[in-house]
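Some notes on the structure that comes next.
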Amino acid sequence: MGVLKVAVLISGGGSNLKTLLDAATDPAYPAQIVAVGSDTDAPGLAHAEAAGVPTFVVQPADYDNRTHWGEALAEQIRTHGVEPGAGLVVSAGLMRILPPNFVSQFSPKLINTHPALLPLFPGAHAVRDALAAGVSETGATIHVIDEGVDTGPVLRQVRVDIRPGETEDELHERIKELERPLLVETVRDIADGTLTLPPHRT
Ligand code: GRF
């Protein structure tokens with residue numbers, strides 16, 4: 001089996017991306033990050049630039065609708081060598097819902113990392129919502145992206161105890177300490193065939 005080509009999509013600081021880029025510098029790692037894309041001028045793109053990985057920005061505001069944005073994003077990813085059904089697309093802090101025409105092209109080789117134990121606390125404020133719910137533990141989930149919001153099949157999870165009085169930022173940082181290596185392991189396991197992705201259903 002050859003090296004798996006991976007495109008990573010981000011919107012923010014990109015610490016998950018950075019961990020993946022670092023892991024992929026090991027020649028034994030079975031995946032190669034071939035491009036990093038964003039919906040905005042994300043600070044995390046600098047991690048890709050520092051690693052010599054090509055970047056692209058496709059902003060929804062430049063398109064008439066979500067379908068056209070999704071097609072432009074897909075085209076950038078294909079242009080960088082990640083073909084639907086062959087390569088993998090990783091959403092690592094992309095703060096947008098990917099449109100159906102994009103999801104149907106790439107899923108199930110389209111995964112997301114989310115800072116909660118799905119199906120609990122989907123959506124953009126997962127850490128805040130877990131704190132507000134008063135639960136004693138939360139965590140991170142890597143899942144296949146389907147047409148819903150954080151609803152696709154769960155691949156891997158890691159648990160984190162919630163400490164009394166901790167803030168959203170403190171808890172999110174402790175989740176990310178475990179989320180980053182989980183993402184590295186999950187991409188490795190997809191690349192070497194240890195983890196088989198479920199067939200895509202619409
Ligand atoms: C991660 O916790 C991810 O699950 C969530 O946003 C965070 C991104 O962090 N969707 P970073 O940009 O990788 O530091």
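Chain labels run A, B, ... following the order of the structure tokens; each chain numbers its residues from 1, and ligands are numbered from 1 in the order shown.
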
Interface rows for chain A against ligand 1: nearest pair, Å to one decimal, 8 Å, only C-alpha atoms and all ligand atoms, as a tab-separated table:
```
residue	atom	partner	partner_atom_place_in_ligand_line	distance
A:Ile10	CA	ligand 1	12 (O)	6.6
A:Ser11	CA	ligand 1	12 (O)	6.8
A:Gly12	CA	ligand 1	12 (O)	4.5
A:Gly13	CA	ligand 1	12 (O)	4.0
A:Gly14	CA	ligand 1	12 (O)	3.4
A:Ser15	CA	ligand 1	14 (O)	3.6
A:Asn16	CA	ligand 1	13 (O)	3.7
A:Leu17	CA	ligand 1	13 (O)	5.8
A:Lys18	CA	ligand 1	13 (O)	7.6
A:Gly44	CA	ligand 1	12 (O)	6.8
A:Ala92	CA	ligand 1	13 (O)	5.7
A:Gly93	CA	ligand 1	10 (N)	3.8
A:Leu94	CA	ligand 1	10 (N)	6.3
A:Met95	CA	ligand 1	10 (N)	6.6
A:Asn112	CA	ligand 1	4 (O)	7.6
A:Thr113	CA	ligand 1	4 (O)	4.5
A:His114	CA	ligand 1	4 (O)	3.6
A:Pro115	CA	ligand 1	4 (O)	4.3
A:Ala116	CA	ligand 1	4 (O)	7.9
A:Ala124	CA	ligand 1	10 (N)	7.1
A:Ala140	CA	ligand 1	4 (O)	6.9
A:Thr141	CA	ligand 1	4 (O)	7.8
A:His172	CA	ligand 1	2 (O)	6.5
A:Glu173	CA	ligand 1	2 (O)	7.8
A:Ile175	CA	ligand 1	2 (O)	7.0
A:Lys176	CA	ligand 1	2 (O)	5.5
A:Glu179	CA	ligand 1	2 (O)	7.1
A:Arg180	CA	ligand 1	13 (O)	7.6
```

Could you write out, as JSON, numbers by chain, all the residues of segment 20-82 of chain A that DSSP marks as alpha helix (DSSP H)?
-> {"A": [20, 21, 22, 23, 45, 46, 47, 48, 49, 50, 66, 67, 68, 69, 70, 71, 72, 73, 74, 75, 76, 77, 78, 79]}

In terms of the shortest atom-to-atom distance over only C-alpha atoms, which of A:Ala42, A:Ala130, A:Ile142, A:Ala23 is closest to Leu110 of chain A?
->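 With only C-alpha atoms as the atom set, the closest residue is A:Ile142.
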
With only C-alpha atoms as the atoms that count, which of A:Gly139, A:Pro100, A:Pro122, A:Pro84 lies nearest to Glu177 of chain A?
->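 Among A:Gly139, A:Pro100, A:Pro122, A:Pro84, it is A:Gly139 that comes nearest to Glu177 of chain A.
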
Of the listed residues A:Arg159, A:Arg78, A:Arg174, A:Arg188, that which approaches Gly37 of chain A most closely, counting only C-alpha atoms = A:Arg78

Enter the distance from atom CA of Leu45 of chain A to atom CA of Asp22 of chain A, in Å, rounded to one decimal.
->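 One can read the atom CA of Leu45 of chain A to atom CA of Asp22 of chain A distance as 14.2 Å.
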
Distance query Glu185 of chain A at most 12 Å, only C-alpha atoms, self and fewer than 2 positions along chain excluded, as a PyMOL selection string = chain A and resi 16+19-20+23-24+29-31+142+155-158+178-183+187-195

Using the chain letters and numbers from this document, which residues of segment 41-92 of chain A does DSSP assign to strand (DSSP E), as a PyMOL selection string?
-> chain A and resi 55-57+88-91

Given only C-alpha atoms as the counted atoms, nearest of A:Pro199, A:Gly123, A:Gly70, A:Gly134 to Pro108 of chain A =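 Between A:Pro199, A:Gly123, A:Gly70, A:Gly134, the residue approaching Pro108 of chain A most closely is A:Pro199.
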
note - atom CA of Thr40 of chain A and atom CA of Gln59 of chain A are separated by 5.9 Å

Which residue gives the smallest distance to Val89 of chain A among A:Val57, A:Val6, A:Leu73, A:Ala133, with only C-alpha atoms counted?
->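 Among the listed residues, A:Val6 lies closest to Val89 of chain A.
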
Among the residues A:Leu120, A:Ala61, A:Ala74, A:Ile162, the one that comes closest to Leu98 of chain A [using only C-alpha atoms] = A:Ala74
